[in-house]
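Novice: Structure: my_file25.cif, mmCIF, N, CA and C atoms.
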data_protein
loop_
_atom_site.label_atom_id
_atom_site.label_comp_id
_atom_site.auth_asym_id
_atom_site.auth_seq_id
_atom_site.Cartn_x
_atom_site.Cartn_y
_atom_site.Cartn_z
N MET A 1 -100.77 -147.07 -174.63
CA MET A 1 -100.73 -146.62 -173.25
C MET A 1 -100.86 -147.78 -172.27
N ALA A 2 -101.55 -148.81 -172.70
CA ALA A 2 -101.78 -149.94 -171.81
C ALA A 2 -100.48 -150.64 -171.43
N ASP A 3 -99.45 -150.54 -172.29
CA ASP A 3 -98.18 -151.18 -171.97
C ASP A 3 -97.36 -150.38 -170.96
N LYS A 4 -97.70 -149.09 -170.77
CA LYS A 4 -96.94 -148.24 -169.84
C LYS A 4 -97.65 -148.02 -168.50
N HIS A 5 -98.97 -148.18 -168.47
CA HIS A 5 -99.75 -147.87 -167.26
C HIS A 5 -100.61 -149.07 -166.88
N ASN A 6 -100.82 -149.21 -165.58
CA ASN A 6 -101.66 -150.33 -165.15
C ASN A 6 -103.12 -150.06 -165.51
N PRO A 7 -103.92 -151.11 -165.64
CA PRO A 7 -105.31 -150.95 -166.09
C PRO A 7 -106.16 -150.04 -165.21
N GLU A 8 -105.92 -150.04 -163.90
CA GLU A 8 -106.71 -149.18 -163.00
C GLU A 8 -106.47 -147.71 -163.30
N ARG A 9 -105.19 -147.35 -163.48
CA ARG A 9 -104.87 -145.94 -163.79
C ARG A 9 -105.44 -145.53 -165.14
N LEU A 10 -105.33 -146.41 -166.11
CA LEU A 10 -105.83 -146.11 -167.44
C LEU A 10 -107.35 -145.94 -167.42
N GLU A 11 -108.04 -146.81 -166.72
CA GLU A 11 -109.50 -146.68 -166.59
C GLU A 11 -109.88 -145.38 -165.88
N ALA A 12 -109.14 -145.04 -164.82
CA ALA A 12 -109.43 -143.80 -164.09
C ALA A 12 -109.20 -142.58 -164.97
N ALA A 13 -108.13 -142.60 -165.76
CA ALA A 13 -107.84 -141.48 -166.66
C ALA A 13 -108.90 -141.36 -167.75
N CYS A 14 -109.34 -142.49 -168.28
CA CYS A 14 -110.40 -142.47 -169.29
C CYS A 14 -111.71 -141.94 -168.71
N ALA A 15 -112.03 -142.36 -167.50
CA ALA A 15 -113.25 -141.89 -166.84
C ALA A 15 -113.19 -140.38 -166.60
N LYS A 16 -112.03 -139.91 -166.19
CA LYS A 16 -111.88 -138.47 -165.95
C LYS A 16 -111.98 -137.69 -167.25
N ALA A 17 -111.38 -138.20 -168.32
CA ALA A 17 -111.47 -137.54 -169.62
C ALA A 17 -112.91 -137.49 -170.12
N LEU A 18 -113.64 -138.58 -169.92
CA LEU A 18 -115.06 -138.58 -170.30
C LEU A 18 -115.86 -137.59 -169.47
N ALA A 19 -115.53 -137.48 -168.19
CA ALA A 19 -116.26 -136.57 -167.30
C ALA A 19 -116.09 -135.11 -167.70
N VAL A 20 -114.93 -134.77 -168.26
CA VAL A 20 -114.71 -133.38 -168.67
C VAL A 20 -115.10 -133.15 -170.12
N GLY A 21 -115.54 -134.21 -170.81
CA GLY A 21 -116.05 -134.06 -172.16
C GLY A 21 -115.00 -134.09 -173.26
N ASP A 22 -113.80 -134.60 -172.97
CA ASP A 22 -112.75 -134.67 -173.98
C ASP A 22 -112.00 -135.99 -173.86
N PRO A 23 -112.57 -137.08 -174.39
CA PRO A 23 -111.93 -138.38 -174.25
C PRO A 23 -110.88 -138.66 -175.33
N SER A 24 -110.12 -137.66 -175.72
CA SER A 24 -109.10 -137.85 -176.76
C SER A 24 -107.84 -138.49 -176.17
N HIS A 25 -107.05 -139.06 -177.04
CA HIS A 25 -105.78 -139.68 -176.64
C HIS A 25 -104.90 -138.67 -175.93
N ARG A 26 -104.85 -137.47 -176.48
CA ARG A 26 -104.01 -136.41 -175.90
C ARG A 26 -104.43 -136.08 -174.47
N THR A 27 -105.74 -135.97 -174.24
CA THR A 27 -106.24 -135.65 -172.90
C THR A 27 -105.92 -136.77 -171.91
N ILE A 28 -106.15 -138.01 -172.32
CA ILE A 28 -105.88 -139.14 -171.44
C ILE A 28 -104.39 -139.21 -171.13
N LYS A 29 -103.56 -139.00 -172.14
CA LYS A 29 -102.11 -139.01 -171.94
C LYS A 29 -101.69 -137.90 -170.96
N GLY A 30 -102.30 -136.72 -171.08
CA GLY A 30 -102.00 -135.62 -170.17
C GLY A 30 -102.44 -135.90 -168.74
N ILE A 31 -103.59 -136.53 -168.59
CA ILE A 31 -104.08 -136.89 -167.25
C ILE A 31 -103.12 -137.87 -166.60
N LEU A 32 -102.66 -138.85 -167.36
CA LEU A 32 -101.71 -139.83 -166.82
C LEU A 32 -100.37 -139.18 -166.50
N ALA A 33 -99.89 -138.29 -167.36
CA ALA A 33 -98.61 -137.62 -167.13
C ALA A 33 -98.65 -136.73 -165.90
N ALA A 34 -99.78 -136.06 -165.71
CA ALA A 34 -99.92 -135.16 -164.55
C ALA A 34 -100.33 -135.90 -163.29
N GLU A 35 -100.62 -137.18 -163.44
CA GLU A 35 -101.05 -138.03 -162.34
C GLU A 35 -102.30 -137.51 -161.64
N THR A 36 -103.19 -136.89 -162.43
CA THR A 36 -104.44 -136.40 -161.86
C THR A 36 -105.53 -137.47 -161.91
N ASP A 37 -105.19 -138.65 -162.40
CA ASP A 37 -106.15 -139.76 -162.37
C ASP A 37 -106.28 -140.33 -160.98
N GLN A 38 -105.37 -139.97 -160.09
CA GLN A 38 -105.36 -140.49 -158.73
C GLN A 38 -105.79 -139.39 -157.77
N GLY A 39 -106.35 -139.75 -156.68
CA GLY A 39 -106.62 -138.78 -155.62
C GLY A 39 -108.01 -138.21 -155.58
N GLY A 40 -108.89 -138.60 -156.48
CA GLY A 40 -110.27 -138.15 -156.40
C GLY A 40 -110.49 -136.69 -156.71
N GLN A 41 -109.58 -136.06 -157.41
CA GLN A 41 -109.78 -134.66 -157.79
C GLN A 41 -110.85 -134.61 -158.87
N THR A 42 -111.73 -133.65 -158.76
CA THR A 42 -112.78 -133.50 -159.77
C THR A 42 -112.52 -132.23 -160.57
N ALA A 43 -112.97 -132.25 -161.79
CA ALA A 43 -112.78 -131.09 -162.66
C ALA A 43 -113.75 -129.98 -162.26
N ARG A 44 -113.28 -128.77 -162.37
CA ARG A 44 -114.12 -127.62 -162.07
C ARG A 44 -114.54 -126.97 -163.38
N HIS A 45 -115.83 -126.85 -163.58
CA HIS A 45 -116.33 -126.27 -164.82
C HIS A 45 -116.67 -124.81 -164.58
N ALA A 46 -115.81 -123.94 -165.08
CA ALA A 46 -116.06 -122.53 -164.95
C ALA A 46 -116.66 -121.96 -166.22
N GLY A 47 -116.30 -122.51 -167.35
CA GLY A 47 -116.82 -122.03 -168.61
C GLY A 47 -116.10 -120.80 -169.12
N ASP A 48 -115.46 -120.09 -168.23
CA ASP A 48 -114.75 -118.88 -168.63
C ASP A 48 -113.27 -118.96 -168.32
N GLY A 49 -112.80 -120.14 -168.02
CA GLY A 49 -111.40 -120.31 -167.71
C GLY A 49 -110.99 -119.71 -166.38
N GLY A 50 -111.95 -119.42 -165.54
CA GLY A 50 -111.66 -118.85 -164.24
C GLY A 50 -111.44 -117.34 -164.28
N ALA A 51 -111.77 -116.69 -165.38
CA ALA A 51 -111.58 -115.25 -165.50
C ALA A 51 -112.48 -114.51 -164.52
N GLY A 52 -112.01 -113.40 -164.06
CA GLY A 52 -112.80 -112.58 -163.15
C GLY A 52 -113.96 -111.93 -163.87
N ALA A 53 -114.93 -111.51 -163.13
CA ALA A 53 -116.11 -110.86 -163.71
C ALA A 53 -116.18 -109.42 -163.23
N PHE A 54 -116.67 -108.55 -164.09
CA PHE A 54 -116.90 -107.16 -163.71
C PHE A 54 -118.34 -107.06 -163.28
N LEU A 55 -118.57 -106.87 -161.99
CA LEU A 55 -119.92 -106.96 -161.44
C LEU A 55 -120.48 -105.62 -160.96
N ARG A 56 -120.01 -104.53 -161.50
CA ARG A 56 -120.43 -103.23 -160.98
C ARG A 56 -121.41 -102.50 -161.86
N GLY A 57 -121.74 -103.01 -163.00
CA GLY A 57 -122.72 -102.38 -163.86
C GLY A 57 -122.09 -101.48 -164.91
N PRO A 58 -122.86 -101.17 -165.96
CA PRO A 58 -122.33 -100.40 -167.08
C PRO A 58 -121.97 -98.96 -166.72
N GLN A 59 -122.64 -98.37 -165.74
CA GLN A 59 -122.32 -97.00 -165.36
C GLN A 59 -120.90 -96.88 -164.87
N GLU A 60 -120.46 -97.81 -164.07
CA GLU A 60 -119.10 -97.75 -163.55
C GLU A 60 -118.09 -98.32 -164.54
N LEU A 61 -118.49 -99.29 -165.34
CA LEU A 61 -117.60 -99.86 -166.33
C LEU A 61 -117.20 -98.81 -167.36
N PHE A 62 -118.15 -98.04 -167.81
CA PHE A 62 -117.89 -97.03 -168.83
C PHE A 62 -117.85 -95.63 -168.22
N HIS A 63 -117.45 -95.55 -166.98
CA HIS A 63 -117.42 -94.27 -166.28
C HIS A 63 -116.15 -93.50 -166.66
N HIS A 64 -116.27 -92.70 -167.67
CA HIS A 64 -115.21 -91.76 -168.04
C HIS A 64 -115.90 -90.59 -168.71
N ASP A 65 -115.18 -89.68 -169.24
CA ASP A 65 -115.75 -88.44 -169.74
C ASP A 65 -116.23 -88.53 -171.19
N ALA A 66 -116.62 -89.69 -171.61
CA ALA A 66 -117.15 -89.85 -172.97
C ALA A 66 -118.60 -89.39 -172.99
N VAL A 67 -119.00 -88.84 -174.10
CA VAL A 67 -120.37 -88.38 -174.28
C VAL A 67 -121.15 -89.50 -174.95
N ALA A 68 -122.29 -89.82 -174.39
CA ALA A 68 -123.12 -90.85 -174.97
C ALA A 68 -123.84 -90.30 -176.20
N LEU A 69 -123.76 -91.00 -177.30
CA LEU A 69 -124.41 -90.60 -178.54
C LEU A 69 -125.43 -91.65 -178.92
N ASP A 70 -126.50 -91.19 -179.51
CA ASP A 70 -127.41 -92.16 -180.09
C ASP A 70 -127.31 -92.05 -181.61
N ALA A 71 -128.09 -92.80 -182.33
CA ALA A 71 -127.98 -92.85 -183.79
C ALA A 71 -128.23 -91.50 -184.45
N TRP A 72 -129.01 -90.62 -183.83
CA TRP A 72 -129.34 -89.33 -184.44
C TRP A 72 -128.23 -88.29 -184.24
N ASP A 73 -127.29 -88.53 -183.33
CA ASP A 73 -126.22 -87.58 -183.05
C ASP A 73 -125.00 -87.75 -183.96
N ILE A 74 -124.98 -88.77 -184.81
CA ILE A 74 -123.81 -89.01 -185.65
C ILE A 74 -123.86 -88.06 -186.85
N PRO A 75 -122.80 -87.25 -187.05
CA PRO A 75 -122.81 -86.31 -188.16
C PRO A 75 -122.74 -87.04 -189.51
N VAL A 76 -123.49 -86.56 -190.44
CA VAL A 76 -123.51 -87.13 -191.79
C VAL A 76 -122.95 -86.09 -192.74
N SER A 77 -122.04 -86.47 -193.63
CA SER A 77 -121.47 -85.50 -194.56
C SER A 77 -122.24 -85.45 -195.84
#
Represent the supplied structure as structure tokens.
Specialist:
Amino acid sequence: MADKHNPERLEAACAKALAVGDPSHRTIKGILAAETDQGGQTARHAGDGGAGAFLRGPQELFHHDAVALDAWDIPVS
């Protein structure tokens, strides 16, 4: 990679890869290809890939006409 990119860009890409916890060749190569080593962009750590959350509670999440059963209500043959 050093023969294709200047040392400043390579150092910036390596620093960014270390900051996100994946200093692999593939990650550094992707950072350089996407040119995200420039511009001071920082990685956002969501942990869930940015997926939405259901914040209304179990009553509304499971709000349908199902009957709640406990262990004693299960029929045994």
Novice: Show which residues sit within 6.5 Å of stretch 24-33 of chain A, as a list in words. Count all atoms listed in the file, and ignore same-chain residues fewer than 4 positions away.
Specialist: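 Skipping anything fewer than 4 positions along the chain leaves Ala13, Cys14, Ala17 and Asp37 of chain A.
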Novice: Would you work out the distance separating atom CA of A:His5 from atom CA of A:Leu18, expressed in Å to one decimal?
Specialist: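 Taking atom CA of A:His5 as the start and atom CA of A:Leu18 as the end point, the length is 18.2 Å.
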Novice: Name the closest residue to A:Thr36 among the candidates A:Lys4, A:Lys16, A:Gly21, A:Gln59; distances are taken between atoms, counting all atoms listed in the file.
Specialist: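 Among the listed residues, the smallest separation from A:Thr36 belongs to A:Lys16.
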Novice: To one decimal place, how far is atom N of A:Ala19 from atom N of A:Ala34 in Å?
Specialist: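 Atom-to-atom, atom N of A:Ala19 to atom N of A:Ala34, that is 16.0 Å.
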